[in-house]
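Student: There's a structure below that I have some questions on.
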Amino acid sequence: NQLPKHVPGDLIVQLKVKPHSTFQRIDNDLAVVVRISLYEALLGFERELVHLDGHIVSFSVPRGTVVRPGSGLEIENEGMPLREDPTTFGRLFVKFEIDFPKEIDESKGSTLEEALLALGLGPQPLRSGVVGQQGQKSKGRNEL
């Protein structure tokens with residue numbers, strides 16, 4: 001507003017952006033967390049995601065590629081439009097969270113154990129550590 005005999009000032013506007021339920025903005029990029037099953041993590045999958053503007057983003061992990069906890073995909077040109085050039089877009093980062101079973105029935109555990117052993121994914125040694133000189137295990141923490 002301008003008042004008589006007053007110098008006009010700057011207009012100050014504050015915006016508060018609500019967090020989106022699916023996407024997180026990081027500059028010109030977007031990030032999303034996608035939950036997948038253990039089955040999908042081990043055997044691959046296809047997925048579709050509805051983008052902010054309603055278009056469908058399809059992505060997949062091929063069979064034979066194992067998704068590790070915390071890993072993800074980077075999809076070019078599916079982020080936010082660049083301010084300098086609105087025809088160019090940032091990236092979409094898809095981070096995977098794997099749903100592990102809460103428990104495994106004992107009878108099914110045996111079948112799973114056989115499958116994992118067949119893949120060479122048996123249990124790790126009970127004890128691991130550095131072997132000292134002349135094949136002897138080190139005796140304490142301070143021994144280097």
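Within each chain, counting starts at residue 1; across the structure tokens, chains are named A, B, ... in the order shown, with ligands numbered 1 upward in that order.
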From a DSSP calculation on the backbone, collect every residue of chain A in alpha helix (DSSP H) and output the set as number ranges by chain.

Tutor: A: 38-43, 106-118

Student: Selected residues, C-alpha atoms, written as a tab-separated table (two decimals), in the first residue's frame, please.

Tutor:
chain	number	residue	atom	x	y	z
A	38	LEU	CA	12.22	-59.40	-0.85
A	39	TYR	CA	10.95	-61.46	-3.80
A	40	GLU	CA	11.21	-58.38	-6.07
A	41	ALA	CA	14.63	-57.44	-4.66
A	42	LEU	CA	16.02	-60.88	-5.52
A	43	LEU	CA	14.17	-61.64	-8.75
A	106	GLU	CA	10.09	-73.46	10.14
A	107	SER	CA	8.92	-75.78	7.35
A	108	LYS	CA	9.39	-73.05	4.73
A	109	GLY	CA	12.71	-72.08	6.32
A	110	SER	CA	14.20	-75.43	5.32
A	111	THR	CA	13.22	-74.90	1.69
A	112	LEU	CA	14.63	-71.37	1.76
A	113	GLU	CA	17.83	-72.64	3.38
A	114	GLU	CA	18.30	-75.21	0.61
A	115	ALA	CA	17.80	-72.58	-2.08
A	116	LEU	CA	20.28	-70.17	-0.46
A	117	LEU	CA	22.88	-72.90	0.03
A	118	ALA	CA	22.50	-73.88	-3.63

Student: For CA of Glu103 in chain A and CA of Arg35 in chain A, determine how far apart the two atoms are, in Å to one decimal place.

Tutor: 18.3 Å

Student: As a PyMOL selection string, please: every residue in chain A that DSSP puts in strand (DSSP E).

Tutor: chain A and resi 23-26+29-37+45-50+56-61+72-75+92-99

Student: Can you work out which one of A:Gly44, A:Pro62, A:Gly9, A:Gly79 has the shortest atom-to-atom distance to Phe23 in chain A, counting only C-alpha atoms?

Tutor: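 Checking each of A:Gly44, A:Pro62, A:Gly9, A:Gly79 against Phe23 in chain A, counting only C-alpha atoms, the winner is A:Gly79.
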
Student: I'd like to know which of A:Ser71, A:Ser128, A:Ser58, A:Thr88 is closest to Glu46 in chain A, using only C-alpha atoms.

Tutor: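 When distances to Glu46 in chain A are compared using only C-alpha atoms, the smallest one comes from A:Ser58.
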
Student: Might you pull out every residue within 12 Å of Ile26 in chain A, with only C-alpha atoms counted and same-chain residues fewer than 6 positions away left off, and present them as a PyMOL selection string?

Tutor: chain A and resi 19+32+79-80+90-93

Student: What is the CA of Pro101 in chain A-CA of Ser37 in chain A distance in Å, reported with one decimal?

Tutor: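 Separation between CA of Pro101 in chain A and CA of Ser37 in chain A: 8.7 Å.
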
Student: From the list A:Asn28, A:Gln14, A:Gln124, A:Thr22, which residue is nearest Val94 in chain A when using only C-alpha atoms?

Tutor: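 Checking each of A:Asn28, A:Gln14, A:Gln124, A:Thr22 against Val94 in chain A, counting only C-alpha atoms, the winner is A:Thr22.
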
Student: Smallest atom-to-atom distance to Glu76 in chain A: which of A:Leu30, A:Val61, A:Ile98, A:Leu121, using only C-alpha atoms?

Tutor: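 For Glu76 in chain A, the nearest of the candidates is A:Leu30.
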
Student: Just how far from CA of Ala31 in chain A is CA of Phe96 in chain A, in Å to one decimal?

Tutor: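 Between CA of Phe96 in chain A and CA of Ala31 in chain A the gap is 10.9 Å.
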